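What follows is a short report on a single structure.
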Number of protein chains: 2
Amino acid sequence: MELSHIEHIGIAVKDLKQTIKYYEDVLGLKCYAIEEVKDQRVKTAFFMLGQTKIELLESTDKEGPIGKFIEKKGEGIHHLAFAVNGINSALVELKEKGIQLVDQNPRKGAEGLDIAFLHPKSTHGVLTELCENKNK
Amino acid sequence: MELSHIEHIGIAVKDLKQTIKYYEDVLGLKCYAIEEVKDQRVKTAFFMLGQTKIELLESTDKEGPIGKFIEKKGEGIHHLAFAVNGINSALVELKEKGIQLVDQNPRKGAEGLDIAFLHPKSTHGVLTELCENKNK
């Protein structure tokens, strides 16, 4: 498998607007996009820092994945996303190696990327996402 | 404050050796250093991925910060570290803005970097580290 860089870090937050203010006014970053991802029941805000995006995730539904995460664990880092060259063959390889896949096949994520999640049970506790930008 | 990139992502793990095996054999990364940081009571393993390091942290003491984290939350992402230009002035600025600092002044971290932690209460749930490599 060929990972090129960390595509983004997903952070679960309670209040997108307030947290954007912290990332902009305190850390000096610039929010360049806000996007709703309906099937994940989240509103997201993106910041670029070097090669890597910070993706803030506010739940639009208490029963959605981020809503449940925040209820259980509070705000904090939710997942780590690697940019991969060849997401389809990467998933085949992972499956062969016994890694538990949340997504058996890539699906469309924020910003039009092809994405797939790996289960944290198989990845030493880190909810891991693979991303490929096939429009590059 | 001027952040340049994500310096590293710190991940708490139970068994450094086993987890290195996962990052190498499954994700295809290469562990380039193992280091014990005695005052943090951890053994660390480093991988480079693009601009960013992945820092695996195994506790050498149940009562240390990583030992306690794992007992409470299990394995997973522990902190997010930003590379900053001018760590001393950054800490002054953060203090003025009401951010709660864990370290009032920079101290030496792994790989000889000057580091300081910000309290997750002030950073929307993310244990945040600032790092500066003054030997560059």
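Scheme for the structure tokens: letters A, B, ... for chains in order shown; per-chain residue numbers from 1; ligand numbers from 1 in order shown.
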Problem - Shell around Val102 (chain B) at 12 Å using only C-alpha atoms, local window under 3 positions removed, as a list in words - result: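 My reading of the contact set: Leu91, Leu94, Lys95, Ile99, Asn105, Pro106, Arg107, Ile115, Ala116, Phe117, Leu118, His119, Pro120, Lys121, Ser122, Thr123, Leu127, Thr128, Glu129 and Leu130 of chain B.
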At a cut-off of 8 Å, list the chain A residues touching chain B, using only C-alpha atoms, as number ranges by chain. A: 1-6, 13, 19, 22, 26-28, 49-52, 74-77, 94, 97, 123-126
Separating CA of Glu96 (chain A) from CA of Phe69 (chain A), to the nearest tenth of an Å, is a gap of 29.2 Å
Run DSSP on the backbone and give me the residues of region 49-111 of chain A it puts in strand (DSSP E), as a PDB file with C-alpha atoms, in the first residue's frame.
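After the write, part21.pdb holds the following:
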ATOM      1  CA  LEU A  49      -2.114  23.402   7.301  1.00  0.00           C
ATOM      2  CA  THR A  52      -2.923  18.306   5.757  1.00  0.00           C
ATOM      3  CA  LYS A  53      -6.474  19.476   6.287  1.00  0.00           C
ATOM      4  CA  ILE A  54      -8.147  19.866   9.631  1.00  0.00           C
ATOM      5  CA  GLU A  55     -11.771  18.821   9.270  1.00  0.00           C
ATOM      6  CA  LEU A  56     -14.071  19.961  12.063  1.00  0.00           C
ATOM      7  CA  LEU A  57     -17.230  17.860  12.334  1.00  0.00           C
ATOM      8  CA  GLU A  58     -20.441  19.059  13.960  1.00  0.00           C
ATOM      9  CA  SER A  59     -23.276  16.565  14.140  1.00  0.00           C
ATOM     10  CA  GLY A  76     -11.888  15.597  20.370  1.00  0.00           C
ATOM     11  CA  ILE A  77     -10.003  13.909  17.561  1.00  0.00           C
ATOM     12  CA  HIS A  78     -12.326  11.493  15.807  1.00  0.00           C
ATOM     13  CA  HIS A  79     -10.328   9.986  12.947  1.00  0.00           C
ATOM     14  CA  LEU A  80      -7.113  10.061  10.970  1.00  0.00           C
ATOM     15  CA  ALA A  81      -7.200  10.038   7.169  1.00  0.00           C
ATOM     16  CA  PHE A  82      -4.352   8.915   4.949  1.00  0.00           C
ATOM     17  CA  ALA A  83      -4.034   9.859   1.276  1.00  0.00           C
ATOM     18  CA  VAL A  84      -3.482   6.650  -0.675  1.00  0.00           C
ATOM     19  CA  ARG A 107     -17.692   5.745  -1.376  1.00  0.00           C
ATOM     20  CA  LYS A 108     -17.870   9.495  -1.932  1.00  0.00           C
TER      21      LYS A 108
END
_Can you tell me, as a VMD selection string, which residues in chain A count as alpha helix (DSSP H) by DSSP?_
chain A and resid 16 to 21 65 to 73 87 to 96
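For the pair CA of Arg41 (chain A) and CA of Glu63 (chain A), the interatomic distance is 8.8 Å.
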